[in-house]
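*Asks:* This is entry-v8.cif, which holds mmCIF, C-alpha atoms:
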data_entry
#
loop_
_atom_site.group_PDB
_atom_site.id
_atom_site.type_symbol
_atom_site.label_atom_id
_atom_site.label_comp_id
_atom_site.auth_asym_id
_atom_site.auth_seq_id
_atom_site.Cartn_x
_atom_site.Cartn_y
_atom_site.Cartn_z
ATOM 1 C CA MET T 909 -4.189 -13.438 -19.384
ATOM 2 C CA SER T 910 -4.281 -14.331 -15.713
ATOM 3 C CA ARG T 911 -7.113 -13.197 -13.510
ATOM 4 C CA HIS T 912 -4.872 -10.699 -11.684
ATOM 5 C CA SER T 913 -2.634 -9.520 -14.527
ATOM 6 C CA TRP T 914 -4.373 -6.109 -14.584
ATOM 7 C CA VAL T 915 -2.579 -5.141 -11.367
ATOM 8 C CA VAL T 916 0.920 -5.539 -12.832
ATOM 9 C CA ASP T 917 0.839 -2.268 -14.762
ATOM 10 C CA PHE T 918 -1.903 -0.554 -12.746
ATOM 11 C CA PRO T 919 -0.823 3.114 -12.363
ATOM 12 C CA ALA T 920 -0.878 3.000 -8.559
ATOM 13 C CA ALA T 921 1.732 1.348 -6.343
ATOM 14 C CA VAL T 922 0.239 -1.851 -4.919
ATOM 15 C CA THR T 923 2.087 -3.565 -2.075
ATOM 16 C CA VAL T 924 0.667 -6.643 -0.355
ATOM 17 C CA CYS T 925 1.813 -8.167 2.916
ATOM 18 C CA ASP T 926 0.696 -11.319 4.689
ATOM 19 C CA ALA T 927 -0.803 -11.515 8.188
ATOM 20 C CA GLN T 928 2.681 -11.450 9.768
ATOM 21 C CA GLY T 929 3.663 -8.333 7.801
ATOM 22 C CA LYS T 930 5.902 -10.059 5.227
ATOM 23 C CA ILE T 931 5.740 -8.327 1.844
ATOM 24 C CA ILE T 932 4.496 -10.940 -0.615
ATOM 25 C CA GLU T 933 3.691 -8.893 -3.730
ATOM 26 C CA MET T 934 4.552 -5.570 -5.338
ATOM 27 C CA ASN T 935 3.371 -4.402 -8.739
ATOM 28 C CA ALA T 936 5.584 -2.534 -11.241
ATOM 29 C CA LYS T 937 4.653 0.921 -9.882
ATOM 30 C CA ALA T 938 5.477 -0.175 -6.304
ATOM 31 C CA LEU T 939 8.825 -1.588 -7.440
ATOM 32 C CA GLU T 940 9.566 1.736 -9.165
ATOM 33 C CA SER T 941 8.341 3.830 -6.220
ATOM 34 C CA PHE T 942 10.448 1.911 -3.719
ATOM 35 C CA ALA T 943 13.499 1.349 -5.952
ATOM 36 C CA ALA T 944 15.735 3.474 -3.715
ATOM 37 C CA ASP T 945 14.680 1.334 -0.744
ATOM 38 C CA GLY T 946 15.488 -1.948 -2.464
ATOM 39 C CA GLY T 947 12.647 -2.462 -4.968
ATOM 40 C CA ALA T 948 12.092 -6.184 -5.533
ATOM 41 C CA LYS T 949 14.503 -6.997 -2.682
ATOM 42 C CA LEU T 950 11.770 -5.781 -0.303
ATOM 43 C CA ILE T 951 9.657 -8.830 -1.182
ATOM 44 C CA GLY T 952 10.109 -11.270 1.688
ATOM 45 C CA THR T 953 10.968 -8.541 4.227
ATOM 46 C CA ASN T 954 8.668 -7.198 6.920
ATOM 47 C CA VAL T 955 6.648 -4.149 5.912
ATOM 48 C CA LEU T 956 7.078 -2.683 9.406
ATOM 49 C CA ASP T 957 10.833 -2.452 8.815
ATOM 50 C CA CYS T 958 10.112 -0.121 5.874
ATOM 51 C CA HIS T 959 8.391 2.516 8.021
ATOM 52 C CA PRO T 960 10.026 4.963 10.440
ATOM 53 C CA GLU T 961 8.280 6.032 13.632
ATOM 54 C CA PRO T 962 5.559 7.089 14.173
ATOM 55 C CA ALA T 963 4.310 5.480 10.923
ATOM 56 C CA ARG T 964 5.584 2.059 12.024
ATOM 57 C CA THR T 965 3.504 2.116 15.227
ATOM 58 C CA LYS T 966 0.431 3.319 13.304
ATOM 59 C CA LEU T 967 0.810 0.552 10.705
ATOM 60 C CA LYS T 968 1.264 -2.097 13.410
ATOM 61 C CA GLU T 969 -1.884 -0.809 15.107
ATOM 62 C CA ILE T 970 -4.008 -1.003 11.957
ATOM 63 C CA MET T 971 -2.644 -4.476 11.220
ATOM 64 C CA ASP T 972 -3.369 -5.674 14.767
ATOM 65 C CA LYS T 973 -6.880 -4.184 14.684
ATOM 66 C CA ARG T 974 -7.439 -5.185 11.036
ATOM 67 C CA THR T 975 -8.625 -1.691 10.135
ATOM 68 C CA SER T 976 -8.044 0.719 7.273
ATOM 69 C CA ASN T 977 -5.935 3.864 7.208
ATOM 70 C CA VAL T 978 -6.375 6.552 4.558
ATOM 71 C CA TYR T 979 -4.420 9.798 4.221
ATOM 72 C CA THR T 980 -2.644 12.091 1.771
ATOM 73 C CA ILE T 981 1.035 12.979 1.614
ATOM 74 C CA GLU T 982 3.304 15.283 -0.332
ATOM 75 C CA LYS T 983 6.648 13.848 -1.360
ATOM 76 C CA ARG T 984 9.114 15.512 -3.725
ATOM 77 C CA GLY T 985 6.416 17.903 -4.941
ATOM 78 C CA VAL T 986 3.912 15.129 -5.711
ATOM 79 C CA ARG T 987 0.660 14.726 -3.814
ATOM 80 C CA LYS T 988 -0.429 11.132 -3.145
ATOM 81 C CA LEU T 989 -3.327 9.303 -1.565
ATOM 82 C CA ILE T 990 -2.296 6.362 0.609
ATOM 83 C CA TYR T 991 -4.911 3.688 1.254
ATOM 84 C CA GLN T 992 -4.004 0.840 3.596
ATOM 85 C CA ALA T 993 -6.619 -1.856 4.178
ATOM 86 C CA PRO T 994 -6.850 -5.457 5.359
ATOM 87 C CA TRP T 995 -7.467 -8.283 2.929
ATOM 88 C CA PHE T 996 -9.135 -11.571 3.726
ATOM 89 C CA LEU T 997 -8.976 -15.070 2.299
ATOM 90 C CA ALA T 998 -11.954 -17.365 2.928
ATOM 91 C CA GLY T 999 -13.107 -14.968 5.648
ATOM 92 C CA ARG T 1000 -9.804 -15.021 7.552
ATOM 93 C CA TYR T 1001 -7.423 -12.084 7.897
ATOM 94 C CA ALA T 1002 -4.614 -12.590 5.388
ATOM 95 C CA GLY T 1003 -2.701 -9.305 5.643
ATOM 96 C CA HIS T 1004 -2.795 -5.721 4.442
ATOM 97 C CA VAL T 1005 -2.666 -4.000 1.075
ATOM 98 C CA GLU T 1006 -1.269 -0.529 0.493
ATOM 99 C CA LEU T 1007 -2.329 1.484 -2.543
ATOM 100 C CA SER T 1008 -0.396 4.671 -3.251
ATOM 101 C CA PHE T 1009 -1.350 6.861 -6.156
ATOM 102 C CA GLU T 1010 -0.759 10.389 -7.337
ATOM 103 C CA ILE T 1011 -3.637 12.811 -7.036
ATOM 104 C CA PRO T 1012 -3.992 16.328 -8.429
ATOM 105 C CA TRP T 1013 -3.515 19.348 -6.175
ATOM 106 C CA GLU T 1014 -7.020 20.501 -7.003
ATOM 107 C CA LEU T 1015 -9.317 17.564 -6.566
ATOM 108 C CA PRO T 1016 -13.032 17.892 -7.381
ATOM 109 C CA HIS T 1017 -15.464 16.596 -4.797
ATOM 110 C CA LYS T 1018 -18.808 15.359 -6.069
ATOM 111 C CA LYS T 1019 -21.772 14.659 -3.872
ATOM 112 C CA ARG T 1020 -24.149 12.041 -5.151
ATOM 113 C CA ASP T 1021 -27.326 11.225 -3.246
#
For this file, produce the structure as structure tokens.
*Replies:*
Amino acid sequence: MSRHSWVVDFPAAVTVCDAQGKIIEMNAKALESFAADGGAKLIGTNVLDCHPEPARTKLKEIMDKRTSNVYTIEKRGVRKLIYQAPWFLAGRYAGHVELSFEIPWELPHKKRD
């Protein structure tokens, strides 16, 4: 078992792009989620080309500033949390990762001090 094999069937869509925005990895859930947009054919394309405005400008901004972006969406009756964050290799910016996973409509919030 490889060190990263857990991500293949992880129940959230995981899409990874390099520092120039080229999609370099997608797990099985991401391939399924983006099947209508090309699925595996998206690997090697620029992630910015996959986003309409104003999302494209927002994604470019977070990539340029190397920041995170977290929000929820509703799509086809399913509520999802989208988490976009930079990743680093040996301390240098290497690109961004997007996690997209379904969340329940009623979500408990727990405060732990």
*Asks:* Calculate, to one decimal in Å, the centre and edge lengths of the box along x, y and z of the file that holds all listed atoms of stretch 986-998 of chain T with 3 Å of margin on each side, and present them as JSON.
*Replies:*
{"center_x": -4.0, "center_y": -1.1, "center_z": -0.2, "size_x": 21.9, "size_y": 38.5, "size_z": 17.1}
*Asks:* If we count only C-alpha atoms, what is near stretch 995-1004 of chain T at a cut-off of 7 Å, once residues fewer than 2 positions away on the same chain are taken out, given as a PyMOL selection string?
*Replies:* chain T and resi 924-927+929+971+992-993+1006
*Asks:* Could you state the separation of atom CA of T:Glu1014 and atom CA of T:Asn935 in Å, given to one decimal place?
*Replies:*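 The value is 27.0 Å.
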*Asks:* When you count only C-alpha atoms, which of these residues is closest to T:Gln928: T:Ser913, T:Thr965, T:Ser1008, T:Asn954?
*Replies:*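 Result for the nearest residue to T:Gln928: T:Asn954.
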*Asks:* Have a look at T:Thr980, T:Phe942, T:Ile990, T:Leu967 and name the one nearest to T:Leu1015; count all atoms listed in the file.
*Replies:*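 Ranking T:Thr980, T:Phe942, T:Ile990, T:Leu967 by distance to T:Leu1015, first place goes to T:Thr980.
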*Asks:* Which distance in Å separates atom CA of T:Leu956 and atom CA of T:Val1005, to one decimal?
*Replies:*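 Spanning atom CA of T:Leu956 to atom CA of T:Val1005 is a straight-line distance of 12.9 Å.
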*Asks:* Which of these, T:Ile981, T:Ile931, T:Val986, T:Val922, has the shortest distance to T:Lys949 once you count only C-alpha atoms?
*Replies:* T:Ile931
*Asks:* Could you check which of T:Glu1010, T:Asn977, T:Lys988, T:Leu950 is closest to T:Thr923, using all atoms listed in the file?
*Replies:*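 Comparing T:Glu1010, T:Asn977, T:Lys988, T:Leu950 against T:Thr923, the winner is T:Leu950.
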*Asks:* Name the closest residue to T:Asp945 among the candidates T:His959, T:Phe1009, T:Glu933, T:Asp1021; distances are taken between atoms, counting all atoms listed in the file.
*Replies:*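 Distance minimum relative to T:Asp945 lands on T:His959.
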*Asks:* Just how far from atom CA of T:Phe918 is atom CA of T:Ala936, in Å to one decimal?
*Replies:*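 Spanning atom CA of T:Ala936 to atom CA of T:Phe918 is a straight-line distance of 7.9 Å.
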*Asks:* Nearest to T:Leu989 among T:Ile951, T:Asp957, T:Glu969, T:Ala921, with distances taken over only C-alpha atoms: which residue is it?
*Replies:*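 Residue with the minimum atom-to-atom distance to T:Leu989: T:Ala921.
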*Asks:* Will you model N, CA and C atoms for stretch 961-979 of chain T and pass it back as a compact mmCIF listing (two decimals), in the frame of the given file?
*Replies:*
# COMPACT_ATOMS: atom_id res chain seq x y z
N GLU T 961 9.27 5.57 12.66
CA GLU T 961 8.28 6.03 13.63
C GLU T 961 7.85 7.45 13.27
N PRO T 962 6.64 7.84 13.53
CA PRO T 962 5.56 7.09 14.17
C PRO T 962 4.73 6.24 13.21
N ALA T 963 5.08 6.24 11.90
CA ALA T 963 4.31 5.48 10.92
C ALA T 963 4.33 3.98 11.22
N ARG T 964 5.46 3.49 11.72
CA ARG T 964 5.58 2.06 12.02
C ARG T 964 4.57 1.64 13.09
N THR T 965 4.46 2.42 14.16
CA THR T 965 3.50 2.12 15.23
C THR T 965 2.07 2.18 14.71
N LYS T 966 1.78 3.18 13.88
CA LYS T 966 0.43 3.32 13.30
C LYS T 966 0.11 2.12 12.43
N LEU T 967 1.04 1.70 11.57
CA LEU T 967 0.81 0.55 10.70
C LEU T 967 0.62 -0.72 11.52
N LYS T 968 1.43 -0.92 12.55
CA LYS T 968 1.26 -2.10 13.41
C LYS T 968 -0.12 -2.10 14.05
N GLU T 969 -0.56 -0.93 14.48
CA GLU T 969 -1.88 -0.81 15.11
C GLU T 969 -3.00 -1.18 14.13
N ILE T 970 -2.93 -0.68 12.90
CA ILE T 970 -4.01 -1.00 11.96
C ILE T 970 -3.96 -2.48 11.55
N MET T 971 -2.75 -3.05 11.53
CA MET T 971 -2.64 -4.48 11.22
C MET T 971 -3.20 -5.31 12.37
N ASP T 972 -2.87 -4.93 13.61
CA ASP T 972 -3.37 -5.67 14.77
C ASP T 972 -4.89 -5.59 14.88
N LYS T 973 -5.43 -4.40 14.57
CA LYS T 973 -6.88 -4.18 14.68
C LYS T 973 -7.63 -4.54 13.41
N ARG T 974 -6.85 -4.83 12.34
CA ARG T 974 -7.44 -5.18 11.04
C ARG T 974 -8.36 -4.08 10.52
N THR T 975 -7.86 -2.84 10.58
CA THR T 975 -8.62 -1.69 10.14
C THR T 975 -7.93 -1.04 8.94
N SER T 976 -8.59 -0.04 8.39
CA SER T 976 -8.04 0.72 7.27
C SER T 976 -7.43 2.02 7.76
N ASN T 977 -6.58 2.59 6.92
CA ASN T 977 -5.94 3.86 7.21
C ASN T 977 -5.82 4.60 5.88
N VAL T 978 -6.37 5.80 5.81
CA VAL T 978 -6.38 6.55 4.56
C VAL T 978 -5.91 7.97 4.84
N TYR T 979 -4.93 8.44 4.03
CA TYR T 979 -4.42 9.80 4.22
C TYR T 979 -3.73 10.26 2.95
